Amino acid sequence: MAKTKILVKGYAKEIDGEEHASSTATLIQENGLNIIVDPGMDRKALLEGMSKEGLATGDINFVVLTHTHLDHCLLAGIFENAKVLDNSDIFSFDGRIGEHDGRIPGTDIEIVGTPGHDQFHCSVLANTEDLGKVVIAGDIFWWSDDEEQKTDRESLINHEDPYVKDEEALKESRNKILDIADYIIPGHGEMFKVKK
Ligand SMILES: [Zn+2]
């Protein structure tokens, strides 16, 4: 069973006419492995969140990127001992690229394709004792700080994504994740419980 912990709550806001954003950074621990989904781009916030959990950059075994927008992946290179996974591949800092089989190696944590926001977008599914099935959904679901976060199913399915690449695929991915998840951790915004 996995344990999840939000290290940085993702945000997207304007300060004095300047854009500020960083994705939610989530720690998953399973079988003694430390995994970060979407390290984001706010280095100070990430390092603070990690140090509260007693973790240094060298303690991270895997980094999973839901997609390669820089507000989610700018910090992927700071974990000296990690391997980095995207929707299909595993990247090592010695230049090697391998494939994964839809799971983070050595765990039961699944990597599920969820295209729409981005063609290669994926989400991460962890089975936890306290929250049930937690999906770290990247930008399948996200809100800017000035938006109300409505979590009834219809609002979630139809919520406008100004950066969407394929609207039909996004709706399909949202439906798929809402069917699976007990809790969803969005790319920017608060974790929410799925109403069944
Ligand atoms: Zn984002």
# chains A, B, ... in the order shown; residues from 1 in each chain; ligands from 1
$ select_by_dssp --residues "stretch 35-130 of chain A" --states "helix (DSSP H, G or I)" --output "list in words"
Arg43, Lys44, Ala45, Leu46, Leu47, Glu48, Gly49, Met50, Ser51, Lys52, Thr57, Gly58, Asp59, Leu70, Asp71, His72, Cys73, Leu74, Leu75, Ala76, Gly77 and Ile78 of chain A
$ residues_around --residues "stretch 109-126 of chain A" --least-positions-apart "5" --cutoff "7 Å" --atoms "only C-alpha atoms" --output "list in words"
Ala2, Thr66, His67, Asn87, Gly102, Arg103, Ile104, Lys133, Val134, Val135, Ile136, Ala137, Gly138, Asp139, Ile140, Tyr163, Val164, Lys165, Asp166, Glu167, Ala169, Leu170 and Ser173 of chain A
$ residues_near_ligand --ligand "ligand 1" --cutoff "12 Å" --atoms "only C-alpha atoms and all ligand atoms" --output "JSON, numbers by chain"
{"A": [9, 10, 11, 12, 13, 20, 21, 22, 23, 24, 25, 38, 39, 40, 41, 65, 66, 67, 68, 69, 70, 71, 72, 73, 74, 117, 118, 121, 137, 138, 139, 140, 141, 142, 143, 144, 161, 162, 163, 164, 186, 187, 188, 189]}
$ atom_distance --atom1 "atom CA of A:Lys176" --atom2 "atom CA of A:Asp130"
22.1 Å
$ closest_residue --among "A:Gly58, A:Ile6, A:Gly98, A:Ile36" --to "A:Ile184" --atoms "only C-alpha atoms"
A:Ile6
$ atom_distance --atom1 "atom CA of A:Ile157" --atom2 "atom CA of A:Asp179"
11.8 Å
$ select_by_dssp --residues "stretch 3-192 of chain A" --states "strand (DSSP E or B)" --output "PDB file with N, CA and C atoms, in the first residue's frame"
ATOM      1  N   LYS A   3       1.558   5.495   0.470  1.00  0.00           N
ATOM      2  CA  LYS A   3       1.192   6.678   1.247  1.00  0.00           C
ATOM      3  C   LYS A   3       1.430   7.891   0.354  1.00  0.00           C
ATOM      4  N   THR A   4       0.469   8.815   0.337  1.00  0.00           N
ATOM      5  CA  THR A   4       0.676  10.017  -0.478  1.00  0.00           C
ATOM      6  C   THR A   4       0.744  11.239   0.430  1.00  0.00           C
ATOM      7  N   LYS A   5       1.512  12.226  -0.010  1.00  0.00           N
ATOM      8  CA  LYS A   5       1.666  13.463   0.764  1.00  0.00           C
ATOM      9  C   LYS A   5       1.892  14.602  -0.228  1.00  0.00           C
ATOM     10  N   ILE A   6       1.112  15.644  -0.082  1.00  0.00           N
ATOM     11  CA  ILE A   6       1.312  16.795  -0.974  1.00  0.00           C
ATOM     12  C   ILE A   6       2.458  17.642  -0.418  1.00  0.00           C
ATOM     13  N   LEU A   7       3.516  17.773  -1.199  1.00  0.00           N
ATOM     14  CA  LEU A   7       4.690  18.551  -0.776  1.00  0.00           C
ATOM     15  C   LEU A   7       4.492  20.025  -1.080  1.00  0.00           C
ATOM     16  N   VAL A   8       3.910  20.303  -2.243  1.00  0.00           N
ATOM     17  CA  VAL A   8       3.604  21.682  -2.639  1.00  0.00           C
ATOM     18  C   VAL A   8       2.212  21.675  -3.258  1.00  0.00           C
ATOM     19  N   TYR A  11      -0.207  26.027  -7.732  1.00  0.00           N
ATOM     20  CA  TYR A  11      -0.865  27.321  -7.837  1.00  0.00           C
ATOM     21  C   TYR A  11      -0.691  27.886  -9.237  1.00  0.00           C
ATOM     22  N   ALA A  12      -1.531  28.857  -9.553  1.00  0.00           N
ATOM     23  CA  ALA A  12      -1.439  29.594 -10.825  1.00  0.00           C
ATOM     24  C   ALA A  12      -2.090  30.932 -10.564  1.00  0.00           C
ATOM     25  N   LYS A  13      -1.291  31.995 -10.568  1.00  0.00           N
ATOM     26  CA  LYS A  13      -1.838  33.300 -10.199  1.00  0.00           C
ATOM     27  C   LYS A  13      -1.036  34.415 -10.847  1.00  0.00           C
ATOM     28  N   GLU A  14      -1.616  35.609 -10.822  1.00  0.00           N
ATOM     29  CA  GLU A  14      -0.912  36.786 -11.309  1.00  0.00           C
ATOM     30  C   GLU A  14      -0.527  37.654 -10.126  1.00  0.00           C
ATOM     31  N   ILE A  15       0.711  38.099 -10.103  1.00  0.00           N
ATOM     32  CA  ILE A  15       1.145  39.048  -9.074  1.00  0.00           C
ATOM     33  C   ILE A  15       1.752  40.242  -9.814  1.00  0.00           C
ATOM     34  N   GLU A  18       2.353  39.817 -13.423  1.00  0.00           N
ATOM     35  CA  GLU A  18       3.309  38.775 -13.800  1.00  0.00           C
ATOM     36  C   GLU A  18       2.724  37.412 -13.458  1.00  0.00           C
ATOM     37  N   GLU A  19       2.928  36.439 -14.338  1.00  0.00           N
ATOM     38  CA  GLU A  19       2.361  35.112 -14.116  1.00  0.00           C
ATOM     39  C   GLU A  19       3.248  34.314 -13.143  1.00  0.00           C
ATOM     40  N   HIS A  20       2.609  33.654 -12.183  1.00  0.00           N
ATOM     41  CA  HIS A  20       3.328  32.766 -11.259  1.00  0.00           C
ATOM     42  C   HIS A  20       2.617  31.417 -11.267  1.00  0.00           C
ATOM     43  N   ALA A  21       3.356  30.331 -11.432  1.00  0.00           N
ATOM     44  CA  ALA A  21       2.715  29.017 -11.401  1.00  0.00           C
ATOM     45  C   ALA A  21       3.721  27.959 -10.981  1.00  0.00           C
ATOM     46  N   SER A  22       3.228  26.953 -10.293  1.00  0.00           N
ATOM     47  CA  SER A  22       3.989  25.730 -10.079  1.00  0.00           C
ATOM     48  C   SER A  22       2.969  24.624  -9.853  1.00  0.00           C
ATOM     49  N   ALA A  25       3.171  19.239  -6.241  1.00  0.00           N
ATOM     50  CA  ALA A  25       4.230  18.233  -6.162  1.00  0.00           C
ATOM     51  C   ALA A  25       3.796  17.214  -5.107  1.00  0.00           C
ATOM     52  N   THR A  26       3.684  15.958  -5.510  1.00  0.00           N
ATOM     53  CA  THR A  26       3.175  14.922  -4.614  1.00  0.00           C
ATOM     54  C   THR A  26       4.241  13.875  -4.347  1.00  0.00           C
ATOM     55  N   LEU A  27       4.389  13.523  -3.079  1.00  0.00           N
ATOM     56  CA  LEU A  27       5.279  12.423  -2.685  1.00  0.00           C
ATOM     57  C   LEU A  27       4.441  11.160  -2.539  1.00  0.00           C
ATOM     58  N   ILE A  28       4.914  10.064  -3.127  1.00  0.00           N
ATOM     59  CA  ILE A  28       4.309   8.756  -2.874  1.00  0.00           C
ATOM     60  C   ILE A  28       5.400   7.864  -2.306  1.00  0.00           C
ATOM     61  N   GLN A  29       5.061   7.163  -1.216  1.00  0.00           N
ATOM     62  CA  GLN A  29       6.008   6.209  -0.636  1.00  0.00           C
ATOM     63  C   GLN A  29       5.394   4.821  -0.660  1.00  0.00           C
ATOM     64  N   GLU A  30       6.102   3.895  -1.246  1.00  0.00           N
ATOM     65  CA  GLU A  30       5.634   2.501  -1.287  1.00  0.00           C
ATOM     66  C   GLU A  30       6.852   1.589  -1.350  1.00  0.00           C
ATOM     67  N   LEU A  33      10.302   2.974  -1.306  1.00  0.00           N
ATOM     68  CA  LEU A  33      10.733   3.874  -2.385  1.00  0.00           C
ATOM     69  C   LEU A  33      10.078   5.243  -2.230  1.00  0.00           C
ATOM     70  N   ASN A  34      10.827   6.273  -2.576  1.00  0.00           N
ATOM     71  CA  ASN A  34      10.320   7.646  -2.554  1.00  0.00           C
ATOM     72  C   ASN A  34      10.121   8.125  -3.994  1.00  0.00           C
ATOM     73  N   ILE A  35       8.888   8.519  -4.277  1.00  0.00           N
ATOM     74  CA  ILE A  35       8.529   8.899  -5.648  1.00  0.00           C
ATOM     75  C   ILE A  35       7.931  10.297  -5.602  1.00  0.00           C
ATOM     76  N   ILE A  36       8.347  11.146  -6.510  1.00  0.00           N
ATOM     77  CA  ILE A  36       7.717  12.459  -6.618  1.00  0.00           C
ATOM     78  C   ILE A  36       7.017  12.552  -7.958  1.00  0.00           C
ATOM     79  N   VAL A  37       5.740  12.912  -7.912  1.00  0.00           N
ATOM     80  CA  VAL A  37       4.998  13.169  -9.149  1.00  0.00           C
ATOM     81  C   VAL A  37       4.969  14.679  -9.356  1.00  0.00           C
ATOM     82  N   PHE A  62      12.306   7.792  -7.873  1.00  0.00           N
ATOM     83  CA  PHE A  62      11.651   8.001  -9.163  1.00  0.00           C
ATOM     84  C   PHE A  62      10.925   9.350  -9.178  1.00  0.00           C
ATOM     85  N   VAL A  63      10.956   9.969 -10.339  1.00  0.00           N
ATOM     86  CA  VAL A  63      10.156  11.176 -10.586  1.00  0.00           C
ATOM     87  C   VAL A  63       9.235  10.836 -11.749  1.00  0.00           C
ATOM     88  N   VAL A  64       7.947  11.078 -11.579  1.00  0.00           N
ATOM     89  CA  VAL A  64       7.008  10.855 -12.684  1.00  0.00           C
ATOM     90  C   VAL A  64       6.493  12.212 -13.145  1.00  0.00           C
ATOM     91  N   LYS A  83      15.355   8.056 -11.326  1.00  0.00           N
ATOM     92  CA  LYS A  83      15.033   7.857 -12.728  1.00  0.00           C
ATOM     93  C   LYS A  83      13.747   8.632 -12.983  1.00  0.00           C
ATOM     94  N   VAL A  84      13.594   9.112 -14.196  1.00  0.00           N
ATOM     95  CA  VAL A  84      12.449   9.971 -14.516  1.00  0.00           C
ATOM     96  C   VAL A  84      11.544   9.260 -15.510  1.00  0.00           C
ATOM     97  N   LEU A  85      10.262   9.186 -15.182  1.00  0.00           N
ATOM     98  CA  LEU A  85       9.306   8.470 -16.025  1.00  0.00           C
ATOM     99  C   LEU A  85       8.304   9.452 -16.628  1.00  0.00           C
ATOM    100  N   ASP A  89       8.089   6.033 -21.019  1.00  0.00           N
ATOM    101  CA  ASP A  89       9.522   5.728 -20.943  1.00  0.00           C
ATOM    102  C   ASP A  89      10.142   6.032 -19.574  1.00  0.00           C
ATOM    103  N   ILE A  90      11.334   5.468 -19.376  1.00  0.00           N
ATOM    104  CA  ILE A  90      12.133   5.722 -18.174  1.00  0.00           C
ATOM    105  C   ILE A  90      13.464   6.329 -18.615  1.00  0.00           C
ATOM    106  N   PHE A  91      13.783   7.480 -18.076  1.00  0.00           N
ATOM    107  CA  PHE A  91      14.991   8.202 -18.463  1.00  0.00           C
ATOM    108  C   PHE A  91      15.992   8.183 -17.307  1.00  0.00           C
ATOM    109  N   ILE A  97      17.501   5.421 -22.178  1.00  0.00           N
ATOM    110  CA  ILE A  97      16.043   5.527 -22.239  1.00  0.00           C
ATOM    111  C   ILE A  97      15.482   4.119 -22.379  1.00  0.00           C
ATOM    112  N   GLY A  98      14.647   3.715 -21.427  1.00  0.00           N
ATOM    113  CA  GLY A  98      13.979   2.422 -21.519  1.00  0.00           C
ATOM    114  C   GLY A  98      12.470   2.639 -21.480  1.00  0.00           C
ATOM    115  N   GLU A  99      11.744   1.530 -21.583  1.00  0.00           N
ATOM    116  CA  GLU A  99      10.289   1.649 -21.492  1.00  0.00           C
ATOM    117  C   GLU A  99       9.818   1.133 -20.140  1.00  0.00           C
ATOM    118  N   ARG A 103       3.696   0.650 -14.825  1.00  0.00           N
ATOM    119  CA  ARG A 103       3.859   0.718 -13.378  1.00  0.00           C
ATOM    120  C   ARG A 103       5.211   1.321 -13.054  1.00  0.00           C
ATOM    121  N   GLU A 110       0.327   2.684 -10.629  1.00  0.00           N
ATOM    122  CA  GLU A 110       0.087   2.651 -12.070  1.00  0.00           C
ATOM    123  C   GLU A 110       0.260   4.016 -12.725  1.00  0.00           C
ATOM    124  N   ILE A 111       0.721   3.981 -13.961  1.00  0.00           N
ATOM    125  CA  ILE A 111       0.803   5.187 -14.795  1.00  0.00           C
ATOM    126  C   ILE A 111      -0.200   4.992 -15.931  1.00  0.00           C
ATOM    127  N   VAL A 112      -1.205   5.865 -15.948  1.00  0.00           N
ATOM    128  CA  VAL A 112      -2.348   5.686 -16.851  1.00  0.00           C
ATOM    129  C   VAL A 112      -2.353   6.821 -17.876  1.00  0.00           C
ATOM    130  N   GLY A 113      -2.482   6.505 -19.142  1.00  0.00           N
ATOM    131  CA  GLY A 113      -2.559   7.540 -20.178  1.00  0.00           C
ATOM    132  C   GLY A 113      -3.845   8.352 -20.031  1.00  0.00           C
ATOM    133  N   CYS A 122      -0.201  11.827 -18.726  1.00  0.00           N
ATOM    134  CA  CYS A 122      -0.562  10.625 -17.971  1.00  0.00           C
ATOM    135  C   CYS A 122      -0.921  11.013 -16.540  1.00  0.00           C
ATOM    136  N   SER A 123      -1.576  10.108 -15.831  1.00  0.00           N
ATOM    137  CA  SER A 123      -1.920  10.292 -14.426  1.00  0.00           C
ATOM    138  C   SER A 123      -1.364   9.112 -13.648  1.00  0.00           C
ATOM    139  N   VAL A 124      -1.254   9.288 -12.325  1.00  0.00           N
ATOM    140  CA  VAL A 124      -0.623   8.263 -11.494  1.00  0.00           C
ATOM    141  C   VAL A 124      -1.638   7.786 -10.468  1.00  0.00           C
ATOM    142  N   LEU A 125      -1.810   6.463 -10.389  1.00  0.00           N
ATOM    143  CA  LEU A 125      -2.811   5.867  -9.500  1.00  0.00           C
ATOM    144  C   LEU A 125      -2.128   5.079  -8.389  1.00  0.00           C
ATOM    145  N   ALA A 126      -2.375   5.509  -7.147  1.00  0.00           N
ATOM    146  CA  ALA A 126      -1.786   4.829  -5.988  1.00  0.00           C
ATOM    147  C   ALA A 126      -2.906   4.310  -5.092  1.00  0.00           C
ATOM    148  N   ASN A 127      -2.771   3.077  -4.609  1.00  0.00           N
ATOM    149  CA  ASN A 127      -3.720   2.519  -3.641  1.00  0.00           C
ATOM    150  C   ASN A 127      -3.210   2.803  -2.243  1.00  0.00           C
ATOM    151  N   THR A 128      -4.004   3.551  -1.472  1.00  0.00           N
ATOM    152  CA  THR A 128      -3.562   3.938  -0.134  1.00  0.00           C
ATOM    153  C   THR A 128      -4.513   3.370   0.908  1.00  0.00           C
ATOM    154  N   GLY A 132      -7.923   5.401   0.100  1.00  0.00           N
ATOM    155  CA  GLY A 132      -8.365   4.559  -1.014  1.00  0.00           C
ATOM    156  C   GLY A 132      -7.544   4.850  -2.260  1.00  0.00           C
ATOM    157  N   LYS A 133      -8.210   4.856  -3.410  1.00  0.00           N
ATOM    158  CA  LYS A 133      -7.481   5.085  -4.672  1.00  0.00           C
ATOM    159  C   LYS A 133      -7.267   6.588  -4.887  1.00  0.00           C
ATOM    160  N   VAL A 134      -6.002   6.983  -4.861  1.00  0.00           N
ATOM    161  CA  VAL A 134      -5.660   8.392  -5.067  1.00  0.00           C
ATOM    162  C   VAL A 134      -5.082   8.524  -6.476  1.00  0.00           C
ATOM    163  N   VAL A 135      -5.650   9.434  -7.270  1.00  0.00           N
ATOM    164  CA  VAL A 135      -5.098   9.696  -8.597  1.00  0.00           C
ATOM    165  C   VAL A 135      -4.449  11.082  -8.600  1.00  0.00           C
ATOM    166  N   ILE A 136      -3.188  11.092  -8.942  1.00  0.00           N
ATOM    167  CA  ILE A 136      -2.484  12.362  -9.144  1.00  0.00           C
ATOM    168  C   ILE A 136      -2.660  12.674 -10.618  1.00  0.00           C
ATOM    169  N   TYR A 183     -10.006   9.836  -4.414  1.00  0.00           N
ATOM    170  CA  TYR A 183      -9.510  11.201  -4.228  1.00  0.00           C
ATOM    171  C   TYR A 183      -8.678  11.584  -5.446  1.00  0.00           C
ATOM    172  N   ILE A 184      -8.755  12.877  -5.804  1.00  0.00           N
ATOM    173  CA  ILE A 184      -7.971  13.369  -6.935  1.00  0.00           C
ATOM    174  C   ILE A 184      -7.096  14.528  -6.467  1.00  0.00           C
ATOM    175  N   ILE A 185      -5.833  14.451  -6.844  1.00  0.00           N
ATOM    176  CA  ILE A 185      -4.899  15.555  -6.597  1.00  0.00           C
ATOM    177  C   ILE A 185      -4.702  16.276  -7.931  1.00  0.00           C
ATOM    178  N   PHE A 192      -9.335  16.809  -3.843  1.00  0.00           N
ATOM    179  CA  PHE A 192     -10.760  16.692  -3.550  1.00  0.00           C
ATOM    180  C   PHE A 192     -11.204  15.235  -3.592  1.00  0.00           C
TER     181      PHE A 192
END
$ closest_residue --among "A:Thr107, A:Ser88, A:Ser51, A:Thr57" --to "A:Met1" --atoms "only C-alpha atoms"
A:Thr107
$ decode --residues "stretch 161-182 of chain A" --atoms "N, CA, C and O atoms" --output "compact mmCIF listing (two decimals), in the first residue's frame"
# COMPACT_ATOMS: atom_id res chain seq x y z
N ASP A 161 -10.50 24.44 -19.89
CA ASP A 161 -9.05 24.43 -19.80
C ASP A 161 -8.52 25.29 -20.94
O ASP A 161 -8.57 24.88 -22.09
N PRO A 162 -8.02 26.50 -20.65
CA PRO A 162 -7.58 27.38 -21.72
C PRO A 162 -6.42 26.81 -22.55
O PRO A 162 -6.16 27.28 -23.65
N TYR A 163 -5.73 25.81 -22.03
CA TYR A 163 -4.58 25.24 -22.75
C TYR A 163 -4.89 23.88 -23.38
O TYR A 163 -3.97 23.18 -23.78
N VAL A 164 -6.16 23.50 -23.44
CA VAL A 164 -6.51 22.16 -23.93
C VAL A 164 -6.02 21.94 -25.37
O VAL A 164 -6.07 22.85 -26.20
N LYS A 165 -5.53 20.72 -25.64
CA LYS A 165 -5.10 20.38 -27.00
C LYS A 165 -6.21 19.63 -27.72
O LYS A 165 -6.39 19.78 -28.92
N ASP A 166 -6.95 18.78 -26.99
CA ASP A 166 -7.99 17.94 -27.60
C ASP A 166 -9.13 17.81 -26.60
O ASP A 166 -9.03 17.05 -25.63
N GLU A 167 -10.19 18.57 -26.83
CA GLU A 167 -11.25 18.68 -25.85
C GLU A 167 -11.98 17.35 -25.62
O GLU A 167 -12.30 17.00 -24.48
N GLU A 168 -12.25 16.60 -26.70
CA GLU A 168 -12.95 15.32 -26.56
C GLU A 168 -12.11 14.33 -25.74
O GLU A 168 -12.62 13.64 -24.86
N ALA A 169 -10.83 14.28 -26.07
CA ALA A 169 -9.93 13.37 -25.33
C ALA A 169 -9.86 13.78 -23.86
O ALA A 169 -9.84 12.92 -22.97
N LEU A 170 -9.86 15.08 -23.58
CA LEU A 170 -9.80 15.55 -22.20
C LEU A 170 -11.03 15.08 -21.43
O LEU A 170 -10.93 14.59 -20.30
N LYS A 171 -12.21 15.23 -22.04
CA LYS A 171 -13.44 14.80 -21.36
C LYS A 171 -13.41 13.30 -21.09
O LYS A 171 -13.83 12.84 -20.02
N GLU A 172 -12.93 12.54 -22.07
CA GLU A 172 -12.82 11.09 -21.89
C GLU A 172 -11.87 10.75 -20.73
O GLU A 172 -12.17 9.90 -19.89
N SER A 173 -10.75 11.45 -20.69
CA SER A 173 -9.77 11.21 -19.61
C SER A 173 -10.37 11.58 -18.26
O SER A 173 -10.18 10.88 -17.27
N ARG A 174 -11.09 12.70 -18.22
CA ARG A 174 -11.72 13.11 -16.95
C ARG A 174 -12.72 12.06 -16.48
O ARG A 174 -12.74 11.70 -15.30
N ASN A 175 -13.55 11.57 -17.40
CA ASN A 175 -14.52 10.53 -17.03
C ASN A 175 -13.82 9.29 -16.50
O ASN A 175 -14.24 8.71 -15.50
N LYS A 176 -12.77 8.89 -17.20
CA LYS A 176 -12.03 7.69 -16.81
C LYS A 176 -11.48 7.83 -15.39
O LYS A 176 -11.64 6.93 -14.56
N ILE A 177 -10.88 8.98 -15.10
CA ILE A 177 -10.27 9.19 -13.77
C ILE A 177 -11.35 9.29 -12.69
O ILE A 177 -11.20 8.74 -11.59
N LEU A 178 -12.46 9.97 -13.01
CA LEU A 178 -13.53 10.10 -12.00
C LEU A 178 -14.14 8.74 -11.68
O LEU A 178 -14.59 8.50 -10.56
N ASP A 179 -14.14 7.82 -12.66
CA ASP A 179 -14.66 6.47 -12.40
C ASP A 179 -13.73 5.68 -11.48
O ASP A 179 -14.18 4.86 -10.68
N ILE A 180 -12.43 5.92 -11.62
CA ILE A 180 -11.45 5.13 -10.86
C ILE A 180 -11.23 5.67 -9.45
O ILE A 180 -11.10 4.91 -8.50
N ALA A 181 -11.14 7.00 -9.30
CA ALA A 181 -10.53 7.60 -8.11
C ALA A 181 -11.48 7.75 -6.95
O ALA A 181 -12.68 8.01 -7.13
N ASP A 182 -10.94 7.61 -5.72
CA ASP A 182 -11.65 8.07 -4.51
C ASP A 182 -11.26 9.52 -4.21
O ASP A 182 -12.10 10.31 -3.78
